[in-house]
Structure formats: C-alpha cells, structure tokens
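Written out below as structure tokens is the structure these notes cover.
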Amino acid sequence: MSTTESRRRLTFEIFRYNPQDPGSTPHMQSFELDEVPYMSLFIALNQIRETQDPSLQFDFSCRSAICGSCGMMVNGRPALGCKTLTSDLPEVIRLHPLPVFKLIGDLSVDTGTWFREMVEKSEGWIHAATPFDPDAQEQRMDDDLAEAIYEGDRCIECGCCIASCGVANLKADFAGPAGLNRIARFMMDPRDSRDDTDWFEVISNEDGVFGCLGMMACHDICPKELPLLEVYAYLRRKALATSYT
Amino acid sequence: MSSRLISTDVLVIGGGLAGERCAIEAAAAGHDVLVLSIVPPRRSHSCAAQGGMQAALANCVKAEGDNPTLHFLDTVRGSDWGADQEVARIFADEAPVAVRELAHFGVPWTRVRGGSNSYFIKGEQVEIEEKPENDGLIMHRDFGGTAKWRACYAAAGTGHAALFAIDSEVIRLGITVRDRVEAVELIHDGNRCWGAVARCLRTGRHFAVVAKATVIATGGYGRIYGQYTTNATINEGMGAVLALNTGIVPLGNMEAVQFHPTALAPSGILVTEGCRGDGGFLLDKNMHRFMVEAEPEKQELASRDVVSRHMAQRMRDGYGVETPFGPHLWLDIRHLGEEHLTTKLREVFDICRDFAGLNPAHDLIPVRPTQHYSMGGVRVNKDGQAYNMAGLFAAGEASCWDMHGFNRLGGNSLAETIVAGRLVGQRVAEFAAATSLDVQTSLAFETVERAEQRAADWLERSGSGPSIYDIRDAMAESMMRNVGIFRTEDELTQTVDKLSALLLDCDNAVLRSKAPGMNPELSFALRLKGMLRLAMVTARGALARTESRGAHFRTDYPLRNDADWLKRTLVRWSADAAEPAFNYEPVGMLEVPPGHRGYGSDERIEMEQSIEKYNQKVEKLQAAQGKLPTEEQR
C-alpha cells in the first residue's frame with residue numbers, strides 16, 4: 001500500500017429507487033469520494049450515506065464475506081461489496097442492485113425470500129432415516145467426505161451466482177447455481193436418506209441441472225470460489241447413472 | 001402483510017442459532033411460532049463464528065479422559081468465578097448432545113483421522129497416533145483455557161455450518177420467519193409480557209405481535225464500541241434495550257465485555273482462536289514470542305481476557321508494531337503449512353487474502369485485541385426466564401444466563417446457543433402450553449402508537465442539531481478508550497460524563513433524510529438512544545465494580561475481590577428515568593470454591609464467609625432481585 005501516490009477522486013454512479021416513495025423513479029445518481037488506502041465498498045458506501053445522502057439503501061452485516069448480505073452489481077459484475085476494494089476498480093464505479101431478486105430500495109434486494117423458497121422447493125435439509133437419539137454416539141464419517149460436504153456447504157447464499165446466471169435471469173423456476181450446489185451437497189451426504197430415484201426427480205429436468213446452458217459465469221464470479229463446474233458434472237453423472245439403472 | 005396486529009403462541013426475536021434452536025423446540029411441541037429477524041436468518045451473526053464449539057466428547061488422543069465435569073471446571077475458572085455454577089454444570093452436561101444433534105441436522109464436522117497425525121503443540125511439532133477405533137468420530141482442536149482438546153469444528157466455518165443446519169430444520173418444520181423486521185418495544189403490563197411491537201425494515205411500518213411467550217435472542221451489543229469490534233453491524237444490542245426499557249427487567253453484568261486477542265488490524269475482522277489452538281504464535285515487533293514467559297503453563301492458550309491483557313500491556317510497553325491506525329502485534333501461523341491453512345483454517349486463509357492482502361503461509365498476520373463478546377445481557381434464571389416478567393425469556397449472547405461470568409471461553413458461545421436454545425425452548429413450550437393469550441388488544445395498540453410517535457418525532461424535528469453518526473462515533477471512541485481492556489476510575493468517569501452529554505445530544509439530533517419507507521437514517525436513529533443507554537450501564541457498572549475479575553480489569557483495583565465482589569451486577573433503567581439503578585445478587589450456588597484459574601494472576605482477596613453460608617443465602621437474595629421460580633421449584 002502506498003500513501004505517497006496522489007489520491008484518486010472516485011465517482012460512484014449508483015442506482016436509486018425507493019419503491020416506498022410515490023415520487024421516486026428509477027435513476028442513476030453520482031457521488032464523489034476521495035479514495036483512501038484499503039477502501040472497500042463497505043467503507044465507501046457508508047461514507048456516502050453518512051456524509052452525502054442519508055437515504056441511500058444498501059445491505060452489509062459481517063463485513064467479512066461470510067454473511068452474504070452485500071451482493072451487488074459492480075461495474076456490471078455481481079460481487080460482495082465488503083471484499084471489493086476500490087483500488088481494484090477504475091475511477092468510475094457503477095453500482096446496481098442484483099437482478100432476479102425483488103428490489104427493496106436502491107442497492108438492497110430481497111435474497112431472503114428467494115433462498116427460503118429454493119430450500120423449500122428442493123427440500124434442502126437432511127432427510128434423516130431415524131429421529132435424533134440424544135444418547136447415541138454420532139454416526140461416523142470419513143474426514144475426506146466431511147471435507148467434500150463442507151466444500152459445498154460453504155455457499156453463503158449471497159445471490160451473486162443467481163444474478164450472473166443467464167437462465168436464472170429468464171426462468172423463475174430454475175434452481176440456479178446456488179440451488180444446484182445445495183442439492184449436490186445433500187446428495188453426497190450419507191446422513192440424507194433420499195435415494196438416487198428421489199434425486200432424479202429433483203435434478204433431471206430443465207429446472208434442474210439440465211436447465212444449465214454451461215456459460216459458467218457463476219463459477220467465475222462466486223465470491224466463495226465454489227467449484228461449480230465440478231458440482232454440475234457430479235449432478236449430470238448422477239442423473240445419467242440413475243437413468244441407466 | 002399489512003395487518004397492524006398479529007398473534008402467535010411463541011414469538012422469537014432474533015433468527016440466529018439461539019433463537020432458531022428455541023423456535024424448533026417450541027414448534028416441535030406443537031406451538032405456532034413466529035421468528036422475527038432483522039436480516040435473513042442465515043445472515044445472522046452466528047454465521048461468523050469460526051473455530052469451534054466446546055463439548056467433551058473425548059474423541060481424539062489429546063482429549064482422552066475428558067468429560068463434562070472437566071468442561072464445567074474449565075468454564076468456571078474461565079469465568080473467574082463470576083458464572084452461575086449450576087448453569088455452567090447444566091451446560092457442560094448437555095453440550096455433547098448439542099454437538100451430536102447438529103451432526104444429525106447435517107453439520108459436516110471435521111472428523112478424526114485414525115493413524116499418524118501431525119500437530120503443533122506449545123511450539124513443537126509432534127506426531128500422534130489417533131486410535132483406529134476412533135476414526136470418523138467428531139474431531140477436537142485445542143482452544144484457550146481448557147484442560148483438554150475439546151472444540152468440535154467444521155474447518156473455520158463452524159458457525160456458518162451450524163446456522164445453515166439449524167435454519168434448514170426451521171424450514172423443514174415450516175416455521176414462519178419474517179426477515180427485515182426489528183422488534184422495538186415489548187408489550188407488557190408490568191408483570192407479564194405479551195409480545196412485542198415491531199418495525200418492518202422494508203416499509204418502515206409498525207405492527208404488534210401478541211404472543212403467550214416471547215424470547216429475546218438478538219445477540220450481543222458489540223457495536224456500542226463502533227468499529228472497534230469483531231461484531232457485525234447488526235449487533236447493536238437491541239434485545240437488551242427491549243428489556244432495559246421496561247425498567248423492570250434487569251440486565252446482568254453489562255460491564256463484562258470480552259476483547260478477543262486476535263482481530264485483524266485495523267479492520268477488526270475476527271481471526272479465530274483456532275489459529276493458536278492449532279499451534280500459532282503471538283509475536284511482538286522484535287519477533288519475540290512473549291506469551292511463553294508471560295504464561296509459561298498455557299502460553300498463547302490462556303483465557304482470552306488474560307491473553308488480551310498481556311497483548312495490550314506489550315503494546316503499552318512499546319513492543320507493538322506502530323502504524324497510522326495504531327499499534328498491533330503479529331499472529332504467526334506460517335509453520336502450520338499451506339495445506340493445513342487452506343483446509344482446517346480455510347476461512348482464516350481467505351480473510352487474510354481478501355482483507356489484508358497477505359498469505360498466512362508466508363506472511364505474518366497483524367492482530368490486536370478487539371471487542372468481541374457480551375457476557376452481559378438480559379438476566380434470566382436457569383430456565384431462561386427473565387427476572388420480574390412472566391412470559392419473557394432470553395437465550396444466547398443476548399442473555400446473561402450466566403455460564404460465562406466475567407470471561408467466556410472460546411467455543412463456549414456456539415455451544416451455549418444450542419444448549420440454551422434446546423433447554424429454554426422446552427421451558428417456553430411448557431409455559432405457552434399452560435397459558436392462554438389473555439391480553440387486552442388496547443395494550444398492544446397503545447404500544448404501537450408509542451413506537452409510531454417516536455419515529456414521527458424524529459422526522460418532525462428540524463433545525464441544525466447534531467448528526468446521529470457523529471454521536472455514534474463519539475460514543476465508540478469514548479468506550480474504546482476508557483471502557484476497554486484496562487479501566488480506571490478517572491477514565492470511566494470521563495466516559496460516563498461523555499455519555500450523559502451524548503444522551504442530551506441525541507434528544508436534539510436532527511435527521512437529514514425524511515425519505516418515506518424504512519429510511520436507513522431513521523432506522524439507526526431509533527436505535528441510537530438505546531445504544532447510548534447500554535453504553536452508559538456498561539460504563540457505570542464498570543465504575544462501580546472496584547475489583548478486577550475476568551475481562552473487567554481495573555488498574556486501580558487490580559485484584560479479584562471475593563470478599564466483596566463475588567456477585568453479579570443487575571441494572572434497571574426505565575425509558576423515562578434519569579438514572580439507572582444498580583443492585584447486586586450472589587453469583588449463584590458455589591460448587592467449586594473460588595481459587596486460582598491456572599493462568600493469569602494468582603493474587604486475590606479471599607472470601608471471608610464460608611461457602612455454606614454463601615450458598616444458604618443465594619436463593620433468598622436472588623429472589624429479592626426479582627428472580628422468578630425455576631421449573632423445578634414450581
């Protein structure tokens with residue numbers, strides 16, 4: 001980090017619309033800030049709200065890329081605002097809310113409802129064969145398998161992949177990258193009693209893995225770097241294997 | 001939903017681990033349950049817990065011989081004898097069930113690998129043969145202040161994995177969760193709580209939720225320290241404010257505030273204790289491992305209060321690395337190797353890369369102690385029931401249950417959320433089953449109107465008053481400077497005076513945005529006074545406690561004083577009273593007599609009365625402070 005270089009004057013062009021205000025219409029609004037070292041969009045947007053326009057709506061919570069609140073379009077690419085540094089961006093930074101999700105206001109969108117529906121539709125929970133026995137030792141699991149399940153479990157449902165997905169943008173019923181990843185995570189979990197035939201119904205159709213056109217923007221932009229390419233390959237292979245049995 | 005009044009059997013305020021686990025228990029018992037959460041529940045701050053969850057499963061070699069009694073003893077010592085030992089005992093006994101239940105719900109716990117494993121212990125690399133018969137059981141890692149390796153973990157994303165598993169169960173049970181909704185005032189008649197008034201953070205509209213039982217599970221109040229916290233921006237302590245504003249329900253031990261030794265400097269983002277548990281070192285500016293002489297027995301793995309104090313002292317002594325953002329020390333985990341760092345400590349690796357631009361396999365990590373956990377909160381009895389107010393419960397970090405006393409052990413908070421969620425959830429279910437929703441709706445509507453008036457007052461005020469954000473920053477600076485790791489009468493008094501002035505400023509502050517809807521400036525303004533009041537009871541509690549215990553360290557009273565201060569602070573402060581009222585109660589029944597913790601200072605002022613005499617008075621004195629009878633006493 002060099003503080004001796006002359007500081008940049010940044011321009012933020014931000015999408016504005018407050019659906020709760022009958023007088024509000026969608027438009028872009030510009031703000032200017034002096035760049036400081038290690039300036040993230042979390043720092044920049046709070047500074048704009050606190051010093052320039054207190055009505056600006058956006059979502060942050062953990063500011064450490066684990067809660068998934070701050071997905072937004074940054075110069076046309078979905079990203080987490082908290083871990084996007086202005087030093088990696090040009091002087092003009094255009095911010096839009098994520099598409100697909102319902103707009104709450106300005107940069108704030110309703111990912112909560114979308115993801116709850118996705119979990120309900122795919123029954124994204126462990127379908128346990130037996131109820132929990134508080135007196136029993138835990139079911140054993142190989143640590144390599146635990147690591148593999150954890151890899152998929154790491155999705156924070158920020159919605160960036162959904163926003164980047166051409167299919168999810170056009171088809172409301174498509175499970176989307178995060179949805180398919182969640183399904184794969186439960187498929188490989190031996191604690192889930194659903195069998196290949198059950199899964200076949202969920203994934204082997206155009207709302208499941210065969211709806212994916214393979215453009216793979218999701219894989220490129222996932223803030224948690226989930227290996228989505230491998231996830232879809234796994235799902236396709238499983239679907240194919242089931243259809244031959 | 002546009003209704004101004006809705007009803008449910010059980011209202012849970014807060015969609016993190018404690019609240020959702022409570023909701024599961026109540027819903028499984030057949031109750032109608034509504035969870036309110038200011039963010040989608042999977043974004044609750046529980047998700048940010050990294051390193052582990054304590055439970056004495058004794059699955060690996062370094063955990064051999066572990067049992068709930070050892071866990072209980074570690075918890076009491078960690079608390080510096082400030083904990084309610086009966087609660088700590090219940091907790092330690094139930095923690096193994098909580099971890100195994102999470103496995104049942106799908107948490108991908110890291111597992112024991114039978115055969116030869118390489119670990120770093122006290123600076124040495126050692127090879128340990130894990131028994132083949134334990135292969136595949138839940139693994140443990142070492143954490144601070146524990147006799148055995150006990151923390152169960154899923155890489156360094158334990159909270160995330162636990163929260164997603166619990167929320168999946170909430171969805172499976174069809175429990176209604178309304179996200180972006182904030183509870184702003186309890187509906188109560190002075191003896192009985194009947195739900196809460198909430199404000200929708202999509203529309204700005206207020207509505208009432210009437211309920212037979214209400215649970216506060218809103219997490220901690222770290223944001224009274226502004227940016228000097230590992231906590232998320234949502235951890236503003238609004239659950240504690242709901243209780244405090246009644247003037248009837250006390251908050252317990254608000255001065256007990258934990259500073260985590262290793263937050264990334266200067267951003268304050270948490271770097272897990274698991275780094276030191278897995279063999280990481282703390283270094284000063286001369287690359288000296290100062291914790292070895294400071295704490296020869298536990299070294300970097302003494303309790304958090306002790307390690308943070310040594311670190312702060314080291315920086316005061318001029319051994320910190322100076323930067324424009326203040327001094328820091330180093331966390332060194334390079335020797336653990338890239339493979340370990342990208343698997344077992346993966347989230348740490350990512351945080352270092354994304355937020356500090358470094359690779360912890362090759363670079364040192366700049367760290368310093370930072371506000372992390374609120375041991376204080378809504379004072380509840382063993383069943384999680386708030387003092388003085390029937391129908392009101394609290395669980396998790398929002399509560400002062402009180403298993404942590406004056407210092408929480410790492411990994412005990414995640415375990416508490418599930419243990420307390422299960423237990424308090426059962427009590428809530430029993431309470432709801434035994435009562436009917438016999439409430440005057442006028443009580444609910446009056447509370448809605450008061451809340452609407454508060455918002456309207458903010459919007460109507462005009463002129464050139466102070467900015468709410470300036471008030472927040474002044475509060476945070478004063479809290480960090482004077483109500484931090486080292487405290488003195490002079491400095492605490494300065495902050496009390498400062499907060500008095502800021503409370504007046506808050507009444508004159510003016511909003512610059514009158515935007516309809518949720519209006520982010522208004523949303524924060526509505527919380528600001530509550531935050532200032534929490535800061536005030538924290539500072540005044542610290543000023544009144546003329547001893548040092550756990551995380552509360554008074555340089556002018558450096559000894560733990562069991563003769564005068566083996567007691568819990570209670571504070572009540574109604575919304576319209578000028579001054580908070582402080583009282584004290586015994587910490588609880590003493591099973592383990594006060595003694596040396598095994599780390600930190602071995603000097604203290606001893607108890608004068610006998611344990612028997614102390615214990616004889618516990619029930620009576622706690623009842624006098626408004627403690628409701630527990631389930632077993634009814």
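Letters A, B, ... go to the chains of the structure tokens in the order shown; residues in each chain start at 1; ligands are counted from 1 in the same order.
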
| query | Do you know which residues are at most 12 Å from Gly65 of chain B counting only C-alpha atoms, after dropping those on the same chain fewer than 6 positions away, and could you put them as an NGL selection string? | reply | :B and (56-59 or 71 or 147-150)

| task | Considering only C-alpha atoms, extract the chain A residues located within 7 Å of chain B and return them as number ranges by chain. | result | A: 20-21, 50, 54-55, 57, 61-64, 66-69, 83, 104, 112, 120, 124-126, 132, 134, 138, 140-143, 146, 149-150, 153

| Shell of 9 Å around Leu213 of chain A, only C-alpha atoms, local chain residues under 2 positions omitted, as an MDAnalysis selection string | chainID A and resid 166:167 210:211 215:216

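Here the question is which of A:Val36, A:Ala129, A:Val119, A:Ile156 gets nearest to Ile183 of chain A using only C-alpha atoms, and that residue is A:Val119.
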
| Using only C-alpha atoms, which residues sit within 10 Å of Leu235 of chain A once same-chain residues fewer than 5 positions away are excluded, as a PyMOL selection string? | chain A and resi 180-181+183-184+187+199-200+203-204+208-210+230+240-241

| query | segment 74-77 of chain A: which residues within 8 Å, counting only C-alpha atoms, same-chain residues fewer than 2 positions away excluded, as a list in words? | reply | Met72, Ala79, Ile93, Arg94, Leu95, His96, Ser164 and Ile221 of chain A

| said: Quick check for you: according to DSSP on this backbone, which residues of segment 364-518 of chain B are classed as strand (DSSP E or B)? Reply as a ChimeraX atom specification. | reply: /B:365-374,377-380,385-386,390,392-394,399-400,487

Could you please take those selected residues and save N, CA and C atoms as a JSON list (two decimals), in the first residue's frame?
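What follows is the written file out-v9.json:
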[["chain", "number", "residue", "atom", "x", "y", "z"],
["B", 365, "ILE", "N", 0.42, -12.16, 10.37],
["B", 365, "ILE", "CA", -0.90, -11.53, 10.37],
["B", 365, "ILE", "C", -0.94, -10.43, 11.42],
["B", 366, "PRO", "N", -1.25, -9.18, 11.04],
["B", 366, "PRO", "CA", -1.33, -8.11, 12.04],
["B", 366, "PRO", "C", -2.61, -8.24, 12.86],
["B", 367, "VAL", "N", -2.47, -8.36, 14.18],
["B", 367, "VAL", "CA", -3.64, -8.56, 15.04],
["B", 367, "VAL", "C", -3.56, -7.65, 16.27],
["B", 368, "ARG", "N", -4.72, -7.38, 16.84],
["B", 368, "ARG", "CA", -4.76, -6.71, 18.14],
["B", 368, "ARG", "C", -6.09, -7.05, 18.82],
["B", 369, "PRO", "N", -6.11, -6.97, 20.17],
["B", 369, "PRO", "CA", -7.34, -7.28, 20.90],
["B", 369, "PRO", "C", -8.46, -6.29, 20.51],
["B", 370, "THR", "N", -9.64, -6.83, 20.33],
["B", 370, "THR", "CA", -10.78, -6.04, 19.84],
["B", 370, "THR", "C", -12.05, -6.56, 20.49],
["B", 371, "GLN", "N", -12.98, -5.66, 20.76],
["B", 371, "GLN", "CA", -14.25, -6.08, 21.40],
["B", 371, "GLN", "C", -14.84, -7.25, 20.62],
["B", 372, "HIS", "N", -15.34, -8.25, 21.35],
["B", 372, "HIS", "CA", -15.79, -9.46, 20.65],
["B", 372, "HIS", "C", -17.09, -10.05, 21.18],
["B", 373, "TYR", "N", -17.27, -10.05, 22.51],
["B", 373, "TYR", "CA", -18.42, -10.79, 23.06],
["B", 373, "TYR", "C", -18.99, -10.08, 24.27],
["B", 374, "SER", "N", -20.30, -10.17, 24.42],
["B", 374, "SER", "CA", -21.01, -9.54, 25.53],
["B", 374, "SER", "C", -21.40, -10.63, 26.53],
["B", 377, "GLY", "N", -26.10, -9.25, 29.60],
["B", 377, "GLY", "CA", -27.31, -9.30, 28.79],
["B", 377, "GLY", "C", -28.54, -9.38, 29.67],
["B", 378, "VAL", "N", -29.64, -9.81, 29.08],
["B", 378, "VAL", "CA", -30.91, -9.90, 29.81],
["B", 378, "VAL", "C", -30.77, -10.99, 30.88],
["B", 379, "ARG", "N", -30.88, -10.60, 32.13],
["B", 379, "ARG", "CA", -30.69, -11.56, 33.22],
["B", 379, "ARG", "C", -31.87, -12.52, 33.27],
["B", 380, "VAL", "N", -31.54, -13.80, 33.22],
["B", 380, "VAL", "CA", -32.57, -14.84, 33.23],
["B", 380, "VAL", "C", -32.23, -15.89, 34.29],
["B", 385, "GLN", "N", -35.82, -17.70, 31.91],
["B", 385, "GLN", "CA", -36.91, -16.75, 32.13],
["B", 385, "GLN", "C", -36.39, -15.44, 32.73],
["B", 386, "ALA", "N", -36.76, -14.34, 32.13],
["B", 386, "ALA", "CA", -36.29, -13.03, 32.60],
["B", 386, "ALA", "C", -36.80, -12.76, 34.02],
["B", 390, "ALA", "N", -43.13, -12.37, 33.79],
["B", 390, "ALA", "CA", -43.57, -13.67, 33.29],
["B", 390, "ALA", "C", -43.77, -13.61, 31.78],
["B", 392, "LEU", "N", -41.52, -13.71, 29.50],
["B", 392, "LEU", "CA", -40.36, -13.19, 28.76],
["B", 392, "LEU", "C", -39.15, -14.07, 29.04],
["B", 393, "PHE", "N", -38.51, -14.51, 27.97],
["B", 393, "PHE", "CA", -37.34, -15.38, 28.06],
["B", 393, "PHE", "C", -36.20, -14.77, 27.24],
["B", 394, "ALA", "N", -35.00, -15.25, 27.48],
["B", 394, "ALA", "CA", -33.87, -14.84, 26.64],
["B", 394, "ALA", "C", -32.89, -15.99, 26.56],
["B", 399, "SER", "N", -28.56, -13.00, 26.37],
["B", 399, "SER", "CA", -28.94, -13.27, 27.76],
["B", 399, "SER", "C", -27.72, -13.22, 28.67],
["B", 400, "CYS", "N", -28.01, -13.11, 29.96],
["B", 400, "CYS", "CA", -27.00, -13.34, 30.99],
["B", 400, "CYS", "C", -27.55, -14.51, 31.80],
["B", 487, "ARG", "N", -9.05, -0.40, 32.79],
["B", 487, "ARG", "CA", -10.04, 0.60, 33.20],
["B", 487, "ARG", "C", -9.59, 1.28, 34.50]]

| task | Mind the document's chain letters and residue numbers, and return as number ranges by chain the residues of segment 18-243 of chain A that DSSP labels helix (DSSP H, G or I). | result | A: 41-51, 81-83, 86-88, 111-122, 143-153, 160-164, 166-170, 176-187, 196-203, 209-211, 217-221, 228-243
